[in-house]
file model10.csv (CSV, C-alpha atoms)
chain,number,residue,atom,x,y,z
R,1,MET,CA,91.8,119.4,128.7
R,2,ARG,CA,92.3,122.5,130.8
R,3,TRP,CA,90.1,124.5,128.5
R,4,ALA,CA,87.4,121.9,128.6
R,5,ALA,CA,87.6,121.7,132.4
R,6,ASP,CA,86.5,125.4,132.5
R,7,GLY,CA,88.5,126.2,135.6
R,8,ALA,CA,90.8,129.1,136.5
R,9,GLY,CA,93.2,128.3,133.7
R,10,ALA,CA,90.6,127.8,131.0
R,11,ALA,CA,91.0,131.1,129.3
R,12,ALA,CA,94.8,130.9,129.0
R,13,ALA,CA,94.5,127.3,127.8
R,14,ALA,CA,92.0,128.3,125.2
R,15,GLU,CA,94.4,130.9,123.8
R,16,VAL,CA,97.2,128.2,123.6
R,17,VAL,CA,94.9,125.9,121.6
R,18,ARG,CA,93.7,128.6,119.3
R,19,GLY,CA,97.3,129.5,118.6
R,20,LEU,CA,98.3,125.9,117.8
R,21,VAL,CA,95.4,125.6,115.4
R,22,ALA,CA,96.0,129.0,113.8
R,23,ASP,CA,99.6,128.2,112.9
R,24,SER,CA,98.6,124.7,111.6
R,25,ARG,CA,100.5,122.8,114.2
R,26,VAL,CA,97.2,120.9,115.0
R,27,ARG,CA,95.1,119.8,112.1
R,28,ALA,CA,93.1,117.0,113.9
R,29,ALA,CA,92.3,115.6,117.3
R,30,LEU,CA,91.5,112.0,118.3
R,31,LEU,CA,89.1,112.0,121.3
R,32,VAL,CA,89.6,109.0,123.5
R,33,GLU,CA,88.2,108.1,126.9
R,34,GLY,CA,91.4,107.9,128.9
R,35,GLY,CA,95.1,107.3,129.2
R,36,SER,CA,95.1,103.6,128.2
R,37,ASP,CA,93.5,104.4,124.8
R,38,GLN,CA,96.1,107.2,124.3
R,39,ALA,CA,98.9,104.8,125.1
R,40,ALA,CA,97.6,102.2,122.7
R,41,LEU,CA,97.2,104.6,119.8
R,42,GLN,CA,100.6,106.2,120.4
R,43,THR,CA,102.2,102.8,120.4
R,44,LEU,CA,100.3,101.6,117.3
R,45,ALA,CA,101.2,104.7,115.4
R,46,ALA,CA,104.9,104.3,116.2
R,47,ARG,CA,104.8,100.7,115.1
R,48,ARG,CA,103.2,101.9,111.8
R,49,CYS,CA,106.0,104.5,111.5
R,50,ARG,CA,103.6,107.4,112.1
R,51,ASP,CA,104.7,110.5,114.0
R,52,LEU,CA,101.3,111.9,115.0
R,53,ASP,CA,102.8,115.0,116.7
R,54,ALA,CA,104.7,115.9,113.5
R,55,GLU,CA,101.6,115.3,111.5
R,56,GLY,CA,99.6,117.7,113.7
R,57,VAL,CA,97.3,115.0,115.1
R,58,ALA,CA,96.7,115.3,118.9
R,59,ILE,CA,95.4,112.4,121.0
R,60,VAL,CA,93.1,114.0,123.6
R,61,PRO,CA,92.0,111.9,126.6
R,62,LEU,CA,88.6,113.1,127.7
R,63,GLY,CA,88.9,112.0,131.3
R,64,GLY,CA,85.6,110.0,130.8
R,65,ALA,CA,83.1,109.6,128.0
R,66,THR,CA,80.6,112.0,129.6
R,67,SER,CA,82.9,114.9,128.6
R,68,ILE,CA,82.6,114.2,124.9
R,69,GLY,CA,80.0,116.9,124.3
R,70,ARG,CA,82.1,119.7,125.7
R,71,PHE,CA,85.1,118.7,123.6
R,72,LEU,CA,83.0,118.5,120.5
R,73,LYS,CA,81.6,121.9,121.2
R,74,LEU,CA,85.0,123.5,121.7
R,75,LEU,CA,86.9,121.7,118.9
R,76,GLY,CA,84.3,120.7,116.4
R,77,PRO,CA,81.9,122.6,114.1
R,78,PRO,CA,80.5,124.9,116.9
R,79,GLY,CA,84.0,125.9,118.0
R,80,LEU,CA,87.4,125.7,116.3
R,81,GLY,CA,86.2,123.5,113.5
R,82,ILE,CA,89.2,121.2,113.4
R,83,ARG,CA,88.9,117.6,112.2
R,84,LEU,CA,87.8,115.2,114.9
R,85,ALA,CA,87.7,111.4,115.3
R,86,GLY,CA,87.5,109.2,118.3
R,87,LEU,CA,87.3,105.9,120.2
R,88,CYS,CA,85.0,104.8,123.0
R,89,ASP,CA,83.9,101.6,124.9
R,90,ALA,CA,80.6,99.9,124.0
R,91,GLY,CA,79.1,101.1,127.3
R,92,GLU,CA,79.7,104.7,126.4
R,93,GLU,CA,78.5,104.5,122.8
R,94,GLY,CA,75.3,106.4,123.6
R,95,TYR,CA,77.1,109.4,125.0
R,96,PHE,CA,79.2,109.6,121.9
R,97,ARG,CA,76.4,109.1,119.5
R,98,ARG,CA,74.1,111.7,121.1
R,99,SER,CA,76.9,114.2,121.4
R,100,LEU,CA,77.8,113.8,117.8
R,101,GLU,CA,74.2,114.4,116.8
R,102,ARG,CA,73.8,117.5,119.0
R,103,SER,CA,77.0,118.9,117.5
R,104,GLY,CA,75.5,118.7,114.1
R,105,LEU,CA,77.7,115.9,112.8
R,106,GLY,CA,74.9,113.5,112.0
R,107,THR,CA,71.3,112.5,112.7
R,108,GLY,CA,70.0,109.0,113.6
R,109,LEU,CA,73.5,107.7,113.8
R,110,THR,CA,74.1,104.0,113.9
R,111,ARG,CA,77.5,102.4,114.7
R,112,SER,CA,78.4,102.3,111.0
R,113,GLY,CA,77.3,105.9,110.7
R,114,MET,CA,79.6,106.9,113.6
R,115,GLU,CA,82.5,105.0,111.9
R,116,ALA,CA,81.9,107.0,108.7
R,117,LEU,CA,82.5,110.1,110.9
R,118,GLY,CA,85.7,108.6,112.3
R,119,PHE,CA,84.3,107.5,115.7
R,120,PHE,CA,84.9,103.8,116.5
R,121,VAL,CA,83.5,101.6,119.3
R,122,CYS,CA,85.3,98.8,121.1
R,123,THR,CA,83.3,95.6,121.3
R,124,ALA,CA,83.4,95.9,125.1
R,125,ASP,CA,86.4,98.0,125.9
R,126,LEU,CA,90.1,98.4,124.9
R,127,GLU,CA,91.3,95.7,127.3
R,128,ASP,CA,88.8,93.2,125.9
R,129,GLU,CA,89.8,94.0,122.4
R,130,LEU,CA,93.5,93.5,123.1
R,131,ILE,CA,93.0,90.2,125.1
R,132,ARG,CA,90.9,88.7,122.2
R,133,SER,CA,93.4,89.8,119.6
R,134,HIS,CA,96.4,88.3,121.5
R,135,GLY,CA,94.7,85.3,123.1
R,136,PRO,CA,95.0,84.5,126.8
R,137,ALA,CA,98.3,82.6,126.5
R,138,ALA,CA,100.0,85.4,124.7
R,139,VAL,CA,98.7,88.0,127.2
R,140,GLU,CA,100.2,85.9,130.0
R,141,GLY,CA,103.4,85.9,128.1
R,142,VAL,CA,103.4,89.7,128.1
R,143,ILE,CA,102.5,89.8,131.8
R,144,GLU,CA,105.5,87.5,132.4
R,145,ALA,CA,107.8,89.7,130.4
R,146,GLN,CA,106.7,92.7,132.4
R,147,GLY,CA,107.6,90.9,135.6
R,148,ASP,CA,104.0,90.6,136.9
R,149,LEU,CA,103.3,86.9,136.4
R,150,ARG,CA,103.6,86.0,140.1
R,151,ALA,CA,101.3,88.9,141.0
R,152,PHE,CA,98.8,87.6,138.4
R,153,ARG,CA,98.9,84.1,139.8
R,154,THR,CA,98.3,85.4,143.3
R,155,PHE,CA,95.4,87.5,141.9
R,156,GLN,CA,93.9,84.4,140.2
R,157,ASN,CA,93.8,82.5,143.6
R,158,GLN,CA,91.7,85.2,145.2
R,159,PRO,CA,88.2,83.8,146.1
R,160,ALA,CA,86.5,86.3,143.9
R,161,GLN,CA,88.5,85.3,140.9
R,162,ARG,CA,88.6,81.5,141.0
R,163,ASP,CA,85.3,80.9,139.1
R,164,ARG,CA,86.0,83.5,136.5
R,165,THR,CA,87.3,82.7,133.0
R,166,ILE,CA,90.9,83.4,132.2
R,167,GLU,CA,89.8,86.3,130.0
R,168,GLN,CA,87.8,87.9,132.8
R,169,GLN,CA,90.8,87.4,135.2
R,170,LEU,CA,93.2,89.1,132.8
R,171,HIS,CA,90.8,91.9,132.2
R,172,ARG,CA,90.3,92.6,135.9
R,173,PHE,CA,94.0,92.3,136.7
R,174,MET,CA,94.8,95.1,134.3
R,175,GLY,CA,92.5,97.4,136.3
R,176,THR,CA,93.7,96.6,139.9
R,177,THR,CA,96.5,99.1,140.2
R,178,SER,CA,96.7,102.8,139.2
R,179,GLY,CA,98.4,103.1,135.8
R,180,ARG,CA,98.3,99.4,135.0
R,181,LYS,CA,95.7,99.8,132.2
R,182,ALA,CA,97.8,102.3,130.4
R,183,HIS,CA,101.0,100.3,131.0
R,184,TYR,CA,99.5,97.1,129.6
R,185,ALA,CA,97.8,98.9,126.7
R,186,GLN,CA,101.3,100.0,125.6
R,187,ALA,CA,102.9,96.6,126.3
R,188,LEU,CA,100.2,94.6,124.5
R,189,VAL,CA,100.1,96.8,121.4
R,190,ALA,CA,103.9,96.7,121.3
R,191,GLU,CA,103.8,92.9,121.1
R,192,LEU,CA,100.8,92.5,118.9
R,193,ASP,CA,100.9,90.9,115.5
R,194,LEU,CA,100.0,93.9,113.3
R,195,ALA,CA,97.8,91.6,111.2
R,196,ARG,CA,95.6,91.2,114.4
R,197,VAL,CA,95.2,94.8,115.5
R,198,PRO,CA,91.7,95.3,117.0
R,199,ARG,CA,89.4,96.7,114.4
R,200,PRO,CA,88.5,100.0,116.3
R,201,LEU,CA,92.2,100.9,116.8
R,202,ASP,CA,93.0,100.0,113.2
R,203,GLY,CA,90.1,101.9,111.8
R,204,LEU,CA,90.8,105.0,113.8
R,205,LEU,CA,94.4,105.2,112.8
R,206,ALA,CA,93.5,104.4,109.2
R,207,TYR,CA,91.0,107.2,109.3
R,208,THR,CA,93.8,109.6,110.3
R,209,PRO,CA,96.1,109.5,107.3
R,210,PRO,CA,99.5,111.0,107.3
R,211,ALA,CA,99.6,114.7,106.2
R,212,GLY,CA,99.6,114.8,102.4
R,213,ALA,CA,97.9,111.5,102.0
R,214,VAL,CA,94.5,111.1,100.4
R,215,SER,CA,92.0,111.6,103.2
R,216,ARG,CA,88.3,111.1,103.8
R,217,TRP,CA,88.6,114.4,105.7
R,218,ARG,CA,89.1,116.4,102.6
call {"tool": "encode", "arguments": {"input": "model10.csv", "output": "C-alpha cells"}}
result
Amino acid sequence: MRWAADGAGAAAAAEVVRGLVADSRVRAALLVEGGSDQAALQTLAARRCRDLDAEGVAIVPLGGATSIGRFLKLLGPPGLGIRLAGLCDAGEEGYFRRSLERSGLGTGLTRSGMEALGFFVCTADLEDELIRSHGPAAVEGVIEAQGDLRAFRTFQNQPAQRDRTIEQQLHRFMGTTSGRKAHYAQALVAELDLARVPRPLDGLLAYTPPAGAVSRWR
C-alpha cells in the first residue's frame, strides 16, 4: 500500500515487497477494496483451516476501487508478475474490468471472464451479500451477540430509517460508525453456515488453493 501510494516511503516499501517476492514468501495477492473485505476473507480462510500468510497469499486492501490500476501495474504482468485475484462491489466493477484489460489480462471482459481471471464481483456489496446469506433475523442475532441490538433499535426508529426495509436498515447500520463494517464482516462470516457462503467470497478463496494443491494459476 505504501508503494502504491507513491509517497516519501514508496521506494523503501518497493524494496521490501520485491524482497518478499524474491524469497517466495509471497506467491499471490488478493486485491480487495477495503478492510471489511479483508476481515471477511481472513475469517473465512480460518474457518476453512487455511493459513494464508503461511501459504504466501497476501490480502491487500486497495483503499478504494479506483486504485486497482496502480496495484495491477506494480504487482501484475507489467511489474512483479505475481499471481493476482480480487473482489469488488458491483458499483466498482467497471474500474476493475477496464484496469484488467489495460494491464493485458484480458480483452472485452464480461463478469464471467473476470471470474476466470480470479476477480469476483459482489451482487451489490459485501454487506448485502452477507445479509442475504444469513437472512435478517440471523443478522439481528449476531448484532445482539455483539451487544449492539439496543443501538440498532434506536437506529431503526430514526425518521430516515422508518420506511426502509429491514435489509436496508441492517446495511446502513453497519456503515454508521468507523470500523463497524470490518467488525461485522468478521462477526457475520464467523457465524455463517459454511454451506451459505456468498458466491464471490467462496469463489475467490477457492481460486486461491493451498500451496501444493492443483491450481488454475499453474
call {"tool": "atom_distance", "arguments": {"input": "model10.csv", "atom1": "CA of Leu194 in chain R", "atom2": "CA of Arg47 in chain R"}}
result
8.5 Å
call {"tool": "closest_residue", "arguments": {"input": "model10.csv", "among": "R:Arg199, R:Lys73, R:Val26, R:Glu167", "to": "Thr123 in chain R", "atoms": "only C-alpha atoms"}}
result
R:Arg199
call {"tool": "closest_residue", "arguments": {"input": "model10.csv", "among": "R:Ala151, R:Leu20, R:Ala45, R:Ala90", "to": "Phe120 in chain R", "atoms": "only C-alpha atoms"}}
result
R:Ala90
call {"tool": "closest_residue", "arguments": {"input": "model10.csv", "among": "R:Gln161, R:Ala28, R:Ala65, R:Leu75", "to": "Leu52 in chain R", "atoms": "all atoms listed in the file"}}
result
R:Ala28
call {"tool": "residues_around", "arguments": {"input": "model10.csv", "residues": "Leu87 in chain R", "least_positions_apart": "5", "cutoff": "6 Å", "atoms": "only C-alpha atoms", "output": "ChimeraX atom specification"}}
result
/R:32,119-121
call {"tool": "write_last_selection", "arguments": {"input": "model10.csv", "atoms": "C-alpha atoms", "output": "CSV table (one decimal), keeping the file's coordinate frame"}}
result
chain,number,residue,atom,x,y,z
R,32,VAL,CA,89.6,109.0,123.5
R,119,PHE,CA,84.3,107.5,115.7
R,120,PHE,CA,84.9,103.8,116.5
R,121,VAL,CA,83.5,101.6,119.3
call {"tool": "atom_distance", "arguments": {"input": "model10.csv", "atom1": "CA of Ser99 in chain R", "atom2": "CA of Ala22 in chain R"}}
result
25.3 Å
call {"tool": "atom_distance", "arguments": {"input": "model10.csv", "atom1": "CA of Arg132 in chain R", "atom2": "CA of Cys88 in chain R"}}
result
17.2 Å
call {"tool": "closest_residue", "arguments": {"input": "model10.csv", "among": "R:Glu55, R:Glu92, R:Glu101, R:Asp148", "to": "Pro77 in chain R", "atoms": "all atoms listed in the file"}}
result
R:Glu101
call {"tool": "residues_around", "arguments": {"input": "model10.csv", "residues": "Ala145 in chain R", "least_positions_apart": "6", "cutoff": "12 Å", "atoms": "all atoms listed in the file", "output": "NGL selection string"}}
result
:R and (138-139 or 184 or 187-188 or 191)
call {"tool": "write_last_selection", "arguments": {"input": "model10.csv", "atoms": "C-alpha atoms", "output": "JSON list (two decimals), keeping the file's coordinate frame"}}
result
[["chain", "number", "residue", "atom", "x", "y", "z"],
["R", 138, "ALA", "CA", 100.00, 85.40, 124.70],
["R", 139, "VAL", "CA", 98.70, 88.00, 127.20],
["R", 184, "TYR", "CA", 99.50, 97.10, 129.60],
["R", 187, "ALA", "CA", 102.90, 96.60, 126.30],
["R", 188, "LEU", "CA", 100.20, 94.60, 124.50],
["R", 191, "GLU", "CA", 103.80, 92.90, 121.10]]
call {"tool": "residues_around", "arguments": {"input": "model10.csv", "residues": "range 154-156 of chain R", "least_positions_apart": "4", "cutoff": "10 Å", "atoms": "only C-alpha atoms", "output": "list of chain:residue names"}}
result
R:Leu149, R:Arg150, R:Ala160, R:Gln161, R:Arg162, R:Asp163, R:Arg164, R:Thr165, R:Ile166, R:Gln169, R:Leu170, R:Arg172, R:Phe173, R:Thr176
call {"tool": "write_last_selection", "arguments": {"input": "model10.csv", "atoms": "C-alpha atoms", "output": "PDB file, in the coordinates of the input"}}
result
ATOM      1  CA  LEU R 149     103.300  86.900 136.400  1.00  0.00           C
ATOM      2  CA  ARG R 150     103.600  86.000 140.100  1.00  0.00           C
ATOM      3  CA  ALA R 160      86.500  86.300 143.900  1.00  0.00           C
ATOM      4  CA  GLN R 161      88.500  85.300 140.900  1.00  0.00           C
ATOM      5  CA  ARG R 162      88.600  81.500 141.000  1.00  0.00           C
ATOM      6  CA  ASP R 163      85.300  80.900 139.100  1.00  0.00           C
ATOM      7  CA  ARG R 164      86.000  83.500 136.500  1.00  0.00           C
ATOM      8  CA  THR R 165      87.300  82.700 133.000  1.00  0.00           C
ATOM      9  CA  ILE R 166      90.900  83.400 132.200  1.00  0.00           C
ATOM     10  CA  GLN R 169      90.800  87.400 135.200  1.00  0.00           C
ATOM     11  CA  LEU R 170      93.200  89.100 132.800  1.00  0.00           C
ATOM     12  CA  ARG R 172      90.300  92.600 135.900  1.00  0.00           C
ATOM     13  CA  PHE R 173      94.000  92.300 136.700  1.00  0.00           C
ATOM     14  CA  THR R 176      93.700  96.600 139.900  1.00  0.00           C
TER      15      THR R 176
END
call {"tool": "residues_near_point", "arguments": {"input": "model10.csv", "point": "(96.7, 104.5, 123.4)", "cutoff": "9 Å", "atoms": "all atoms listed in the file", "output": "JSON, numbers by chain"}}
result
{"R": [32, 34, 35, 36, 37, 38, 39, 40, 41, 42, 43, 44, 59, 182, 185, 186, 189, 201]}
call {"tool": "closest_residue", "arguments": {"input": "model10.csv", "among": "R:Ala46, R:Gly118, R:Gly79, R:Asn157", "to": "Ala206 in chain R", "atoms": "only C-alpha atoms"}}
result
R:Gly118
call {"tool": "closest_residue", "arguments": {"input": "model10.csv", "among": "R:Arg180, R:Met1, R:Gly108, R:Asp89", "to": "Ala13 in chain R", "atoms": "all atoms listed in the file"}}
result
R:Met1
call {"tool": "residues_around", "arguments": {"input": "model10.csv", "residues": "Gly56 in chain R", "least_positions_apart": "6", "cutoff": "10 Å", "atoms": "only C-alpha atoms", "output": "PyMOL selection string"}}
result
chain R and resi 20-21+24-29+210-211
call {"tool": "residues_near_point", "arguments": {"input": "model10.csv", "point": "(71.7, 105.2, 122.1)", "cutoff": "12 Å", "atoms": "all atoms listed in the file", "output": "PyMOL selection string"}}
result
chain R and resi 90-101+107-111+114
call {"tool": "build_atoms", "arguments": {"input": "model10.csv", "residues": "range 104-131 of chain R", "atoms": "N, CA and C atoms", "output": "short mmCIF file (atom, residue, chain, number, x, y, z; two decimals), in the coordinates of the input"}}
result
data_model
loop_
_atom_site.label_atom_id
_atom_site.label_comp_id
_atom_site.auth_asym_id
_atom_site.auth_seq_id
_atom_site.Cartn_x
_atom_site.Cartn_y
_atom_site.Cartn_z
N GLY R 104 75.80 118.53 115.48
CA GLY R 104 75.50 118.70 114.10
C GLY R 104 76.33 117.87 113.13
N LEU R 105 76.91 116.77 113.67
CA LEU R 105 77.70 115.90 112.80
C LEU R 105 76.98 114.72 112.26
N GLY R 106 75.69 114.63 112.51
CA GLY R 106 74.90 113.50 112.00
C GLY R 106 73.56 113.46 112.66
N THR R 107 72.64 112.68 112.07
CA THR R 107 71.30 112.50 112.70
C THR R 107 71.01 110.96 112.58
N GLY R 108 70.35 110.43 113.61
CA GLY R 108 70.00 109.00 113.60
C GLY R 108 71.17 108.10 113.40
N LEU R 109 72.28 108.43 114.04
CA LEU R 109 73.50 107.70 113.80
C LEU R 109 73.46 106.26 114.29
N THR R 110 73.88 105.34 113.47
CA THR R 110 74.10 104.00 113.90
C THR R 110 75.63 103.82 114.12
N ARG R 111 76.06 102.63 114.52
CA ARG R 111 77.50 102.40 114.70
C ARG R 111 78.26 102.63 113.42
N SER R 112 77.71 102.12 112.32
CA SER R 112 78.40 102.30 111.00
C SER R 112 78.40 103.79 110.64
N GLY R 113 77.35 104.51 111.01
CA GLY R 113 77.30 105.90 110.70
C GLY R 113 78.36 106.69 111.55
N MET R 114 78.56 106.25 112.79
CA MET R 114 79.60 106.90 113.60
C MET R 114 80.98 106.59 113.01
N GLU R 115 81.20 105.36 112.52
CA GLU R 115 82.50 105.00 111.90
C GLU R 115 82.75 105.87 110.67
N ALA R 116 81.70 106.17 109.93
CA ALA R 116 81.90 107.00 108.70
C ALA R 116 82.35 108.41 109.11
N LEU R 117 82.04 108.82 110.35
CA LEU R 117 82.50 110.10 110.90
C LEU R 117 83.86 110.02 111.54
N GLY R 118 84.38 108.79 111.67
CA GLY R 118 85.70 108.60 112.30
C GLY R 118 85.62 108.22 113.76
N PHE R 119 84.46 107.85 114.27
CA PHE R 119 84.30 107.50 115.70
C PHE R 119 84.03 105.99 115.78
N PHE R 120 84.93 105.28 116.47
CA PHE R 120 84.90 103.80 116.50
C PHE R 120 84.61 103.35 117.94
N VAL R 121 83.95 102.18 118.02
CA VAL R 121 83.50 101.60 119.30
C VAL R 121 84.13 100.29 119.56
N CYS R 122 84.77 100.14 120.73
CA CYS R 122 85.30 98.80 121.10
C CYS R 122 84.15 97.89 121.44
N THR R 123 84.33 96.62 121.11
CA THR R 123 83.30 95.60 121.30
C THR R 123 82.82 95.65 122.81
N ALA R 124 83.73 95.65 123.73
CA ALA R 124 83.40 95.90 125.10
C ALA R 124 84.23 97.08 125.59
N ASP R 125 85.54 96.90 125.66
CA ASP R 125 86.40 98.00 125.90
C ASP R 125 87.81 97.68 125.35
N LEU R 126 88.77 98.56 125.54
CA LEU R 126 90.10 98.40 124.90
C LEU R 126 90.76 97.10 125.42
N GLU R 127 90.68 96.84 126.73
CA GLU R 127 91.30 95.70 127.30
C GLU R 127 90.76 94.39 126.68
N ASP R 128 89.44 94.34 126.55
CA ASP R 128 88.80 93.20 125.90
C ASP R 128 89.27 92.98 124.52
N GLU R 129 89.35 94.06 123.76
CA GLU R 129 89.80 94.00 122.40
C GLU R 129 91.23 93.40 122.30
N LEU R 130 92.11 93.89 123.16
CA LEU R 130 93.50 93.50 123.10
C LEU R 130 93.67 92.02 123.59
N ILE R 131 92.91 91.61 124.61
CA ILE R 131 93.00 90.20 125.10
C ILE R 131 92.52 89.27 124.00
#
